[in-house]
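protein.cif, holding mmCIF, C-alpha atoms:
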data_work
#
loop_
_atom_site.label_atom_id
_atom_site.label_comp_id
_atom_site.auth_asym_id
_atom_site.auth_seq_id
_atom_site.Cartn_x
_atom_site.Cartn_y
_atom_site.Cartn_z
CA MET A 1 -3.41 -5.65 -14.72
CA SER A 2 -5.03 -3.18 -17.08
CA LEU A 3 -8.72 -2.82 -16.35
CA PRO A 4 -11.60 -1.04 -18.12
CA ASP A 5 -12.20 2.42 -16.69
CA ALA A 6 -15.47 2.50 -14.77
CA THR A 7 -15.23 6.03 -13.41
CA SER A 8 -17.82 8.72 -13.83
CA PRO A 9 -17.47 11.33 -16.60
CA ASP A 10 -16.56 13.89 -13.95
CA ALA A 11 -13.61 11.75 -12.95
CA THR A 12 -12.03 11.56 -16.40
CA SER A 13 -13.20 14.54 -18.39
CA PRO A 14 -10.23 16.92 -17.95
CA ASP A 15 -7.83 16.63 -20.88
CA ALA A 16 -5.37 19.32 -19.87
CA THR A 17 -2.16 18.04 -18.34
CA SER A 18 -0.31 19.65 -15.48
CA PRO A 19 2.61 21.86 -16.51
CA GLY A 20 5.70 19.91 -17.40
CA VAL A 21 4.19 16.43 -16.99
CA ALA A 22 3.74 14.13 -19.97
CA VAL A 23 1.16 11.37 -20.17
CA SER A 24 3.81 9.07 -21.65
CA THR A 25 5.45 8.71 -18.23
CA VAL A 26 2.75 6.35 -16.91
CA PRO A 27 3.55 2.62 -16.70
CA THR A 28 2.02 0.20 -19.15
CA LEU A 29 0.48 -2.96 -17.69
CA PRO A 30 -0.53 -6.06 -19.67
CA ASP A 31 -3.83 -5.86 -21.57
CA ALA A 32 -4.42 -9.63 -21.74
CA ALA A 33 -6.87 -11.07 -19.24
CA PRO A 34 -4.77 -12.66 -16.48
CA ALA A 35 -5.28 -16.29 -15.48
CA LEU A 36 -7.36 -17.09 -12.42
CA ILE A 37 -5.28 -17.80 -9.31
CA VAL A 38 -6.91 -19.79 -6.51
CA PRO A 39 -5.46 -19.00 -3.06
CA VAL A 40 -3.99 -21.87 -1.02
CA PRO A 41 -4.20 -22.39 2.75
CA LEU A 42 -1.34 -21.36 4.99
CA SER A 43 1.06 -24.13 5.96
CA ALA A 44 1.44 -25.30 9.57
CA ASP A 45 4.45 -23.02 10.06
CA GLU A 46 2.57 -20.11 8.50
CA LEU A 47 -0.42 -20.73 10.75
CA ALA A 48 1.90 -20.52 13.77
CA ALA A 49 3.27 -17.22 12.47
CA TYR A 50 -0.26 -15.93 11.87
CA HIS A 51 -1.08 -16.76 15.50
CA ASP A 52 2.02 -14.90 16.68
CA LEU A 53 1.09 -11.90 14.55
CA GLN A 54 -2.02 -11.56 16.71
CA HIS A 55 -0.55 -12.62 20.06
CA GLY A 56 3.25 -12.20 19.90
CA ALA A 57 5.47 -10.79 17.17
CA VAL A 58 6.61 -11.80 13.70
CA TRP A 59 9.09 -10.44 11.20
CA CYS A 60 9.51 -10.84 7.46
CA ALA A 61 11.46 -9.29 4.62
CA SER A 62 9.77 -6.47 2.72
CA PRO A 63 10.01 -6.08 -1.07
CA ASP A 64 9.67 -2.29 -0.89
CA VAL A 65 12.44 -0.21 -2.43
CA TRP A 66 13.63 3.24 -1.43
CA SER A 67 14.64 6.50 -3.03
CA THR A 68 15.85 9.82 -1.62
CA PHE A 69 14.65 13.33 -2.44
CA ARG A 70 17.11 16.03 -1.35
CA GLY A 71 17.69 19.70 -2.01
CA PRO A 72 17.03 23.28 -0.87
CA LYS A 73 13.50 23.17 -2.31
CA ALA A 74 12.88 19.45 -1.84
CA ALA A 75 9.62 19.91 0.07
CA GLU A 76 8.11 22.27 -2.47
CA ALA A 77 9.20 20.15 -5.44
CA LEU A 78 7.93 16.90 -3.91
CA ASN A 79 4.68 18.59 -2.88
CA GLY A 80 3.88 19.30 -6.52
CA LEU A 81 4.10 15.61 -7.39
CA VAL A 82 2.16 13.83 -4.61
CA THR A 83 -1.32 13.80 -3.08
CA ASN A 84 -0.36 14.60 0.51
CA ASP A 85 1.12 17.77 1.99
CA VAL A 86 4.76 17.03 2.71
CA THR A 87 5.46 20.65 3.67
CA VAL A 88 3.71 20.14 7.03
CA LEU A 89 5.97 17.22 8.00
CA GLU A 90 8.48 17.83 10.75
CA PRO A 91 11.80 15.94 10.58
CA GLY A 92 11.33 12.51 12.11
CA HIS A 93 7.74 12.14 10.89
CA GLY A 94 6.11 10.70 7.79
CA GLN A 95 2.93 10.08 5.87
CA GLN A 96 1.36 8.00 3.13
CA ALA A 97 0.85 9.55 -0.31
CA ALA A 98 0.54 8.77 -4.00
CA ALA A 99 1.89 10.18 -7.24
CA LEU A 100 -0.73 10.52 -9.97
CA THR A 101 -0.96 10.82 -13.73
CA PRO A 102 -2.23 14.14 -15.11
CA LYS A 103 -5.75 12.64 -15.24
CA GLY A 104 -5.64 11.65 -11.59
CA LYS A 105 -4.80 7.94 -11.84
CA VAL A 106 -2.40 6.26 -9.41
CA LEU A 107 1.11 6.27 -10.85
CA CYS A 108 2.61 4.98 -7.59
CA ASP A 109 1.66 4.93 -3.91
CA MET A 110 4.38 5.49 -1.34
CA LEU A 111 5.51 6.16 2.20
CA ILE A 112 7.24 9.54 2.62
CA LEU A 113 9.56 10.21 5.58
CA ARG A 114 11.13 13.58 6.33
CA THR A 115 14.63 13.25 7.79
CA ASP A 116 15.63 16.94 7.89
CA ALA A 117 14.67 20.31 6.39
CA GLU A 118 15.99 19.36 2.94
CA SER A 119 15.75 15.55 2.82
CA PHE A 120 13.06 12.88 2.38
CA LEU A 121 13.06 9.09 2.16
CA LEU A 122 10.43 7.42 -0.02
CA ALA A 123 9.41 3.74 0.00
CA MET A 124 7.27 2.04 -2.63
CA ARG A 125 6.57 -1.22 -4.42
CA PRO A 126 9.16 -2.25 -7.02
CA ALA A 127 6.36 -2.46 -9.63
CA CYS A 128 5.96 1.32 -9.71
CA ALA A 129 9.37 2.53 -8.52
CA THR A 130 10.90 2.84 -11.99
CA VAL A 131 8.20 5.12 -13.37
CA TRP A 132 8.21 7.23 -10.21
CA LEU A 133 11.97 7.77 -10.44
CA ALA A 134 11.77 8.58 -14.14
CA THR A 135 8.97 11.08 -13.57
CA ALA A 136 10.66 12.80 -10.63
CA LYS A 137 14.04 13.01 -12.36
CA LYS A 138 12.50 14.35 -15.56
CA TYR A 139 10.32 17.06 -14.09
CA VAL A 140 12.16 18.24 -10.96
CA ASN A 141 14.83 20.86 -11.52
CA PRO A 142 18.04 19.33 -10.06
CA ARG A 143 18.98 22.74 -8.65
CA LEU A 144 15.89 22.48 -6.43
CA ALA A 145 16.06 18.79 -5.52
CA LYS A 146 17.83 15.63 -6.60
CA VAL A 147 16.26 12.18 -6.71
CA ALA A 148 18.38 9.09 -6.10
CA ASP A 149 17.49 5.41 -6.43
CA GLU A 150 18.42 3.49 -3.26
CA GLY A 151 16.82 0.22 -4.39
CA THR A 152 19.98 -1.86 -4.02
CA ALA A 153 21.52 0.15 -1.19
CA TRP A 154 19.05 -0.68 1.60
CA THR A 155 17.27 -3.76 2.94
CA THR A 156 13.86 -3.64 4.62
CA TRP A 157 12.00 -5.80 7.13
CA LEU A 158 8.55 -5.69 8.75
CA LEU A 159 8.14 -6.39 12.48
CA TYR A 160 4.54 -6.75 13.69
CA GLY A 161 2.47 -7.99 16.61
CA PRO A 162 1.48 -6.96 20.16
CA ARG A 163 5.02 -7.79 21.33
CA THR A 164 6.70 -5.46 18.82
CA ALA A 165 7.78 -2.96 21.49
CA ALA A 166 9.27 -5.72 23.64
CA VAL A 167 11.19 -7.12 20.68
CA LEU A 168 12.53 -3.67 19.73
CA ALA A 169 13.65 -3.12 23.32
CA SER A 170 15.39 -6.50 23.42
CA LEU A 171 17.26 -5.61 20.22
CA GLY A 172 18.47 -2.29 21.62
CA ALA A 173 15.84 -0.06 19.99
CA GLY A 174 13.78 0.62 23.09
CA ALA A 175 13.68 4.36 22.40
CA CYS A 176 11.58 3.62 19.31
CA ASP A 177 8.77 1.70 20.99
CA ALA A 178 6.52 4.64 21.97
CA TRP A 179 6.53 6.57 18.72
CA VAL A 180 3.35 7.88 17.13
CA PRO A 181 2.34 6.51 13.70
CA TRP A 182 4.92 7.23 10.99
CA GLN A 183 7.46 8.63 13.47
CA HIS A 184 10.95 7.39 12.62
CA GLY A 185 14.63 7.66 13.38
CA HIS A 186 17.93 5.84 13.85
CA CYS A 187 17.99 2.95 16.34
CA ARG A 188 20.28 0.06 17.17
CA ILE A 189 19.12 -3.36 15.99
CA GLY A 190 21.52 -5.81 17.53
CA ALA A 191 25.01 -4.94 16.33
CA ALA A 192 23.84 -2.72 13.48
CA GLU A 193 22.51 0.79 12.97
CA ALA A 194 19.10 0.92 11.34
CA HIS A 195 16.25 3.30 10.57
CA VAL A 196 13.06 2.30 12.38
CA ILE A 197 9.59 3.56 11.41
CA SER A 198 6.42 3.19 13.47
CA ALA A 199 4.07 1.93 10.77
CA PRO A 200 0.36 1.12 11.35
CA LEU A 201 -0.03 -1.08 8.28
CA VAL A 202 -2.25 -3.96 9.45
CA GLY A 203 -5.25 -4.29 11.71
CA VAL A 204 -6.14 -7.89 12.43
CA LEU A 205 -6.74 -6.88 16.04
CA PRO A 206 -9.24 -4.24 17.17
CA GLY A 207 -7.38 -0.93 17.05
CA GLY A 208 -4.69 -2.35 14.78
CA VAL A 209 -1.50 -4.33 15.28
CA PRO A 210 1.59 -2.51 16.56
CA GLY A 211 4.33 -2.64 14.01
CA ALA A 212 7.53 -1.20 12.64
CA ILE A 213 9.49 -1.03 9.42
CA ILE A 214 13.22 -1.59 9.83
CA VAL A 215 15.59 -0.27 7.16
CA ALA A 216 19.32 -0.90 7.10
CA ASP A 217 22.23 -0.43 4.75
CA ALA A 218 22.70 -3.50 2.58
CA ALA A 219 26.07 -4.10 4.25
CA ALA A 220 24.26 -4.51 7.59
CA ARG A 221 21.67 -6.97 6.27
CA GLU A 222 23.21 -10.06 7.85
CA ALA A 223 23.65 -8.38 11.24
CA VAL A 224 20.06 -7.12 11.38
CA GLU A 225 18.61 -10.39 10.21
CA ALA A 226 20.69 -12.31 12.74
CA ALA A 227 19.30 -10.07 15.48
CA LEU A 228 15.74 -10.71 14.31
CA VAL A 229 16.34 -14.47 14.12
CA SER A 230 17.68 -14.49 17.68
CA SER A 231 14.74 -12.46 19.03
CA GLU A 232 11.43 -13.83 20.34
CA ALA A 233 9.73 -12.80 17.09
CA ARG A 234 8.91 -15.61 14.68
CA ALA A 235 9.90 -15.44 11.01
CA ALA A 236 6.86 -15.14 8.74
CA SER A 237 6.43 -15.69 5.03
CA ALA A 238 5.07 -13.22 2.52
CA ALA A 239 1.87 -15.29 2.48
CA VAL A 240 1.23 -14.56 6.16
CA TRP A 241 1.74 -10.87 5.56
CA ASP A 242 -0.61 -10.99 2.57
CA VAL A 243 -3.38 -12.50 4.68
CA ALA A 244 -2.98 -9.74 7.26
CA ARG A 245 -2.88 -7.11 4.52
CA VAL A 246 -6.10 -8.32 2.89
CA GLU A 247 -7.87 -8.62 6.24
CA SER A 248 -6.90 -5.00 6.85
CA GLY A 249 -8.20 -3.88 3.46
CA ARG A 250 -4.84 -2.43 2.47
CA PRO A 251 -4.30 -2.28 -1.32
CA ILE A 252 -0.95 -2.60 -3.09
CA TRP A 253 0.01 -1.15 -6.44
CA GLY A 254 0.04 -3.56 -9.36
CA VAL A 255 -2.49 -5.88 -7.69
CA ASP A 256 -5.40 -3.93 -6.21
CA MET A 257 -4.78 -0.67 -8.04
CA ASP A 258 -2.83 0.47 -11.08
CA ASP A 259 -2.51 3.35 -13.52
CA ASN A 260 -6.24 3.06 -14.35
CA THR A 261 -7.26 3.62 -10.71
CA ILE A 262 -8.31 6.92 -9.16
CA PRO A 263 -7.08 7.22 -5.54
CA GLN A 264 -10.58 7.26 -4.05
CA GLU A 265 -11.39 4.01 -5.85
CA ALA A 266 -8.60 2.32 -3.88
CA ASN A 267 -9.76 3.98 -0.61
CA LEU A 268 -6.62 6.10 -0.37
CA ASP A 269 -8.86 8.93 0.81
CA THR A 270 -9.64 6.92 3.96
CA THR A 271 -6.03 6.06 4.88
CA GLY A 272 -4.67 9.60 5.23
CA ALA A 273 -2.86 9.53 1.89
CA ILE A 274 -4.62 12.58 0.39
CA SER A 275 -4.72 16.20 1.50
CA PHE A 276 -7.75 18.13 0.27
CA THR A 277 -6.41 21.48 1.48
CA LYS A 278 -2.90 21.62 -0.02
CA GLY A 279 -1.92 23.48 -3.15
CA CYS A 280 -1.74 22.23 -6.71
CA TYR A 281 -0.20 18.88 -7.61
CA THR A 282 -0.31 16.63 -10.66
CA GLY A 283 -3.77 15.05 -10.97
CA GLN A 284 -5.34 17.25 -8.29
CA GLU A 285 -8.25 18.46 -10.44
CA THR A 286 -9.79 15.01 -10.73
CA VAL A 287 -9.24 14.10 -7.08
CA ALA A 288 -10.61 17.40 -5.74
CA ARG A 289 -13.66 17.41 -8.02
CA LEU A 290 -14.63 13.91 -6.95
CA HIS A 291 -14.19 14.81 -3.28
CA PHE A 292 -16.17 18.04 -3.35
CA ARG A 293 -18.71 17.54 -6.13
CA GLY A 294 -18.86 13.97 -7.34
CA HIS A 295 -18.23 10.30 -6.67
CA VAL A 296 -16.36 7.38 -8.15
CA ASN A 297 -18.32 4.68 -9.93
CA ARG A 298 -16.34 1.86 -8.38
CA ARG A 299 -14.51 1.26 -5.12
CA LEU A 300 -12.39 -1.40 -3.46
CA ARG A 301 -14.53 -3.49 -1.10
CA GLY A 302 -14.28 -6.79 0.74
CA LEU A 303 -15.76 -10.13 -0.31
CA ARG A 304 -16.32 -13.05 2.04
CA GLY A 305 -16.79 -16.18 -0.04
CA ALA A 306 -18.48 -19.52 0.46
CA SER A 307 -15.22 -21.02 -0.86
CA ALA A 308 -11.88 -19.78 -2.19
CA LEU A 309 -12.28 -16.74 -4.46
CA PRO A 310 -9.88 -16.78 -7.44
CA MET A 311 -7.77 -13.70 -7.98
CA HIS A 312 -8.67 -11.92 -11.27
CA ALA A 313 -12.16 -13.51 -11.34
CA GLU A 314 -15.17 -11.59 -12.61
CA VAL A 315 -17.85 -10.60 -10.10
CA VAL A 316 -21.50 -10.56 -11.18
CA ASP A 317 -24.72 -9.54 -9.44
CA ALA A 318 -27.86 -11.65 -8.98
CA GLY A 319 -28.95 -10.86 -12.53
CA GLY A 320 -25.62 -11.90 -14.04
CA LYS A 321 -24.42 -8.36 -14.73
CA SER A 322 -20.69 -7.82 -14.39
CA VAL A 323 -20.01 -5.53 -11.43
CA GLY A 324 -16.29 -5.88 -10.87
CA THR A 325 -13.22 -8.09 -10.45
CA VAL A 326 -11.42 -9.83 -7.62
CA ARG A 327 -8.01 -8.32 -6.93
CA SER A 328 -6.25 -9.85 -3.89
CA SER A 329 -7.57 -13.13 -2.47
CA VAL A 330 -6.52 -15.20 0.55
CA LEU A 331 -7.73 -17.95 2.87
CA SER A 332 -7.78 -16.29 6.28
CA PRO A 333 -7.61 -18.53 9.38
CA ARG A 334 -9.83 -15.97 11.10
CA ALA A 335 -12.21 -14.75 8.37
CA GLY A 336 -12.23 -17.64 5.89
CA PRO A 337 -12.10 -17.10 2.10
CA VAL A 338 -11.83 -13.32 1.70
CA ALA A 339 -10.78 -10.98 -1.07
CA LEU A 340 -10.40 -7.38 -2.10
CA ALA A 341 -12.54 -6.61 -5.15
CA MET A 342 -13.06 -3.50 -7.25
CA LEU A 343 -16.85 -3.23 -7.42
CA ARG A 344 -19.35 -0.86 -8.99
CA ARG A 345 -20.70 1.67 -6.50
CA GLU A 346 -24.24 0.28 -6.69
CA VAL A 347 -22.93 -2.88 -5.01
CA VAL A 348 -22.95 -2.16 -1.27
CA ALA A 349 -22.10 -3.91 1.98
CA GLY A 350 -24.68 -6.58 2.74
CA ASP A 351 -25.23 -7.53 -0.90
CA THR A 352 -24.56 -11.05 -2.14
CA VAL A 353 -22.72 -11.45 -5.43
CA ARG A 354 -21.29 -14.35 -7.43
CA VAL A 355 -17.65 -14.79 -8.33
CA LEU A 356 -17.03 -16.69 -11.58
CA GLY A 357 -14.37 -19.20 -10.67
CA VAL A 358 -12.46 -21.89 -12.54
CA ASP A 359 -14.54 -23.53 -15.29
CA GLY A 360 -17.20 -20.87 -14.78
CA ASP A 361 -18.29 -22.10 -11.35
CA ALA A 362 -20.25 -19.41 -9.51
CA ILE A 363 -19.11 -18.86 -5.92
CA SER A 364 -21.46 -16.99 -3.61
CA ALA A 365 -19.84 -14.09 -1.73
CA ASP A 366 -21.04 -11.41 0.66
CA VAL A 367 -19.92 -7.82 0.22
CA VAL A 368 -18.44 -6.22 3.35
CA GLU A 369 -16.89 -2.88 4.17
CA LEU A 370 -13.16 -2.81 4.83
CA PRO A 371 -11.33 -3.71 6.94
CA PHE A 372 -12.86 -7.12 7.52
CA PRO A 373 -14.52 -7.19 10.95
CA ALA A 374 -12.67 -8.98 13.73
#
Kindly present the structure from the file in structure tokens form.
Amino acid sequence: MSLPDATSPDATSPDATSPGVAVSTVPTLPDAAPALIVPVPLSADELAAYHDLQHGAVWCASPDVWSTFRGPKAAEALNGLVTNDVTVLEPGHGQQAAALTPKGKVLCDMLILRTDAESFLLAMRPACATVWLATAKKYVNPRLAKVADEGTAWTTWLLYGPRTAAVLASLGAGACDAWVPWQHGHCRIGAAEAHVISAPLVGVLPGGVPGAIIVADAAAREAVEAALVSSEARAASAAVWDVARVESGRPIWGVDMDDNTIPQEANLDTTGAISFTKGCYTGQETVARLHFRGHVNRRLRGLRGASALPMHAEVVDAGGKSVGTVRSSVLSPRAGPVALAMLRREVVAGDTVRVLGVDGDAISADVVELPFPA
């Protein structure tokens, strides 16, 4: 969704673009106001999976797509395009990062994994993958690094819950169960070879939920999925994952942030996705200035509603002034009607706001810091 820019002048004033990067490479999202979407409760099967996410283990397919970045200067080339410092990564480790427009808006957020001295794997949402690939291919000298789209070559699953390590061990990937966050490598999953990543993506339990991302060649999809089906982990729908994601305060591109969002507005500065000590990269001037000398005028926060909070709804304060919009919204079995909302900075945790629902109904909601408390 394309949203009005509510950032401070300091956040948007630079007009100069980074060398070799054109503004025309950013994605274009619809300008029309999207329809309100009221979240629905989880089904009985989904409620059972939600319970297992907190007490056992669940798995589900992931929509993320992958690309590779390889070459003798791959680290240096990639480092000039993303917010984190990939040059410090050792093979077998990874990090979160984002690619930005020249004015510091989020072009695409991603997971970056280093596999060897000259190779990286990158995962991202399909909504922003195309523009990332186009940007990287256009502005990276192929003699330094080559970018390849692996979107149809690999299949990805998420495995989460306190019993994740036990499930991995039962599938033959026991060596992967003690890895530190974002550590990764090849492991057996049943009869297939796969790439397993230790990925702390959700936190519905105090201290977070153990979890892993499993990636396999498309030819091994049936073998990996058969192994997951036969394991003690329960299959979960995307709706279950979305509840856990919102509870954890984790934004996704195209829903909670887009090409009008500065990284700090989406809390990417609190998730380890930004290095404030690395060298120059596209969009750095805006991000660094806000970190060291300024602030954003809006930020992603949590809302806990008296009833279901429609996605895309306007949020107003006690005086009726518009202060933001609802982005993701779910009905959590644990926390009730909750949502992620982009709110003006003067709206703080503890405030009560109103969400303008269907037919203009005003729904009372409390503002909370993210993640939602257990």
Take the PyMOL selection byres ((chain A and resi 196) around 9), apply it to the structure above, and return the hits as a PyMOL selection string.
chain A and resi 173+176+183-188+194-195+197-198+212-216
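Put simply, the PyMOL selection byres ((chain A and resi 124) around 7) on this file hits Asp64, Val65, Trp66, Asp109, Met110, Leu111, Leu122, Ala123, Arg125, Pro126 and Ala129 of chain A.
Straight-line separation from CA of Gln264 (chain A) to CA of Arg334 (chain A): 27.7 Å.
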Please list as a ChimeraX atom specification every residue within 8 Å of region 135-151 of chain A, counting only C-alpha atoms and excluding residues in the same chain fewer than 6 positions away.
/A:20-21,25,65-74,77,81
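Residue nearest Pro263 (chain A) within the list A:Arg327, A:Arg163, A:Arg293, A:Arg298: A:Arg298 [criterion: smallest interatomic distance, only C-alpha atoms].
If you measure from each of A:Asp85, A:Ala48, A:Val38, A:Glu232 to Phe276 (chain A) using only C-alpha atoms, the closest one turns out to be A:Asp85.
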Closest of A:Gly92, A:Pro41, A:Gly80, A:Gly161 to Leu53 (chain A), counting all atoms listed in the file, is A:Gly161
Evaluating the PyMOL selection byres ((chain A and resi 229) around 12) on the displayed file yields which residues, as number ranges by chain?
A: 57-61, 157, 159, 167, 171, 189-190, 222-228, 230-236
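Our summary of the geometry notes that CA of Ala192 (chain A) is positioned 24.1 Å from CA of Ala238 (chain A).
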Nearest-residue call for Thr261 (chain A), choices A:Thr152, A:Thr101, A:Thr164, A:Thr115, using all atoms listed in the file:
A:Thr101
Padding 6 Å on each side, edges along x, y and z: where is the centre of the box around the listed atoms of region 246-255 of chain A, and how long are its edges in Å to one decimal? Output it as AutoDock Vina command-line options.
--center_x -4.1 --center_y -4.9 --center_z -1.3 --size_x 20.2 --size_y 19.5 --size_z 28.2
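Among the candidate residues A:Gly56, A:Pro310, A:Gly254, A:Pro333, the one lying nearest to Val240 (chain A) is A:Pro333, with distances computed using all atoms listed in the file.
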Which value, in Å to one decimal, gives the distance between CA of Ala218 (chain A) and CA of Glu46 (chain A)?
26.8 Å
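Excluding Ile363 (chain A) itself and any same-chain residue fewer than 4 positions from it, the protein and nucleic acid residues within 9 Å of it, counting all atoms listed in the file, are Gly305, Ala306, Ser307, Ala308, Leu309, Val353, Arg354, Val355, Leu356 and Gly357 of chain A.
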Go ahead and write the selection's residues with C-alpha atoms as an mmCIF file, in the frame of the given file.
data_model
loop_
_atom_site.group_PDB
_atom_site.id
_atom_site.type_symbol
_atom_site.label_atom_id
_atom_site.label_comp_id
_atom_site.auth_asym_id
_atom_site.auth_seq_id
_atom_site.Cartn_x
_atom_site.Cartn_y
_atom_site.Cartn_z
ATOM 1 C CA GLY A 305 -16.790 -16.180 -0.040
ATOM 2 C CA ALA A 306 -18.480 -19.520 0.460
ATOM 3 C CA SER A 307 -15.220 -21.020 -0.860
ATOM 4 C CA ALA A 308 -11.880 -19.780 -2.190
ATOM 5 C CA LEU A 309 -12.280 -16.740 -4.460
ATOM 6 C CA VAL A 353 -22.720 -11.450 -5.430
ATOM 7 C CA ARG A 354 -21.290 -14.350 -7.430
ATOM 8 C CA VAL A 355 -17.650 -14.790 -8.330
ATOM 9 C CA LEU A 356 -17.030 -16.690 -11.580
ATOM 10 C CA GLY A 357 -14.370 -19.200 -10.670
#
Contacts of Leu303 (chain A) within 12 Å, only C-alpha atoms, excl. fewer than 4 positions in-chain, as an mmCIF file with C-alpha atoms, in the coordinates of the input:
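For reference, around25.cif as written:
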data_model
loop_
_atom_site.group_PDB
_atom_site.id
_atom_site.type_symbol
_atom_site.label_atom_id
_atom_site.label_comp_id
_atom_site.auth_asym_id
_atom_site.auth_seq_id
_atom_site.Cartn_x
_atom_site.Cartn_y
_atom_site.Cartn_z
ATOM 1 C CA VAL A 246 -6.100 -8.320 2.890
ATOM 2 C CA GLU A 247 -7.870 -8.620 6.240
ATOM 3 C CA GLY A 249 -8.200 -3.880 3.460
ATOM 4 C CA SER A 307 -15.220 -21.020 -0.860
ATOM 5 C CA ALA A 308 -11.880 -19.780 -2.190
ATOM 6 C CA LEU A 309 -12.280 -16.740 -4.460
ATOM 7 C CA PRO A 310 -9.880 -16.780 -7.440
ATOM 8 C CA MET A 311 -7.770 -13.700 -7.980
ATOM 9 C CA VAL A 315 -17.850 -10.600 -10.100
ATOM 10 C CA GLY A 324 -16.290 -5.880 -10.870
ATOM 11 C CA THR A 325 -13.220 -8.090 -10.450
ATOM 12 C CA VAL A 326 -11.420 -9.830 -7.620
ATOM 13 C CA ARG A 327 -8.010 -8.320 -6.930
ATOM 14 C CA SER A 328 -6.250 -9.850 -3.890
ATOM 15 C CA SER A 329 -7.570 -13.130 -2.470
ATOM 16 C CA VAL A 330 -6.520 -15.200 0.550
ATOM 17 C CA LEU A 331 -7.730 -17.950 2.870
ATOM 18 C CA ALA A 335 -12.210 -14.750 8.370
ATOM 19 C CA GLY A 336 -12.230 -17.640 5.890
ATOM 20 C CA PRO A 337 -12.100 -17.100 2.100
ATOM 21 C CA VAL A 338 -11.830 -13.320 1.700
ATOM 22 C CA ALA A 339 -10.780 -10.980 -1.070
ATOM 23 C CA LEU A 340 -10.400 -7.380 -2.100
ATOM 24 C CA ALA A 341 -12.540 -6.610 -5.150
ATOM 25 C CA MET A 342 -13.060 -3.500 -7.250
ATOM 26 C CA LEU A 343 -16.850 -3.230 -7.420
ATOM 27 C CA VAL A 347 -22.930 -2.880 -5.010
ATOM 28 C CA VAL A 348 -22.950 -2.160 -1.270
ATOM 29 C CA ALA A 349 -22.100 -3.910 1.980
ATOM 30 C CA GLY A 350 -24.680 -6.580 2.740
ATOM 31 C CA ASP A 351 -25.230 -7.530 -0.900
ATOM 32 C CA THR A 352 -24.560 -11.050 -2.140
ATOM 33 C CA VAL A 353 -22.720 -11.450 -5.430
ATOM 34 C CA ARG A 354 -21.290 -14.350 -7.430
ATOM 35 C CA VAL A 355 -17.650 -14.790 -8.330
ATOM 36 C CA ILE A 363 -19.110 -18.860 -5.920
ATOM 37 C CA SER A 364 -21.460 -16.990 -3.610
ATOM 38 C CA ALA A 365 -19.840 -14.090 -1.730
ATOM 39 C CA ASP A 366 -21.040 -11.410 0.660
ATOM 40 C CA VAL A 367 -19.920 -7.820 0.220
ATOM 41 C CA VAL A 368 -18.440 -6.220 3.350
ATOM 42 C CA GLU A 369 -16.890 -2.880 4.170
ATOM 43 C CA LEU A 370 -13.160 -2.810 4.830
ATOM 44 C CA PRO A 371 -11.330 -3.710 6.940
ATOM 45 C CA PHE A 372 -12.860 -7.120 7.520
ATOM 46 C CA PRO A 373 -14.520 -7.190 10.950
#
Could you check which of A:Asp242, A:Glu265, A:Glu193, A:Asp52 is closest to Pro162 (chain A), using all atoms listed in the file?
A:Asp52
Would you mind writing region 169-179 of chain A with N, CA and C atoms, as a compact mmCIF listing (two decimals), in the frame of the given file?
# COMPACT_ATOMS: atom_id res chain seq x y z
N ALA A 169 12.85 -3.39 22.12
CA ALA A 169 13.65 -3.12 23.32
C ALA A 169 14.74 -4.17 23.50
N SER A 170 14.40 -5.42 23.25
CA SER A 170 15.39 -6.50 23.42
C SER A 170 16.52 -6.40 22.41
N LEU A 171 16.25 -5.76 21.27
CA LEU A 171 17.26 -5.61 20.22
C LEU A 171 18.07 -4.34 20.39
N GLY A 172 17.73 -3.52 21.38
CA GLY A 172 18.47 -2.29 21.62
C GLY A 172 17.80 -1.05 21.08
N ALA A 173 16.55 -1.20 20.58
CA ALA A 173 15.84 -0.06 19.99
C ALA A 173 14.68 0.36 20.87
N GLY A 174 14.86 0.30 22.17
CA GLY A 174 13.78 0.62 23.09
C GLY A 174 13.26 2.03 22.97
N ALA A 175 14.12 2.97 22.54
CA ALA A 175 13.68 4.36 22.40
C ALA A 175 12.65 4.53 21.30
N CYS A 176 12.49 3.52 20.44
CA CYS A 176 11.58 3.62 19.31
C CYS A 176 10.19 3.07 19.61
N ASP A 177 9.99 2.49 20.79
CA ASP A 177 8.77 1.70 20.99
C ASP A 177 7.54 2.52 21.34
N ALA A 178 7.68 3.83 21.59
CA ALA A 178 6.52 4.64 21.97
C ALA A 178 6.22 5.72 20.93
N TRP A 179 6.74 5.56 19.75
CA TRP A 179 6.53 6.57 18.72
C TRP A 179 5.10 6.58 18.21
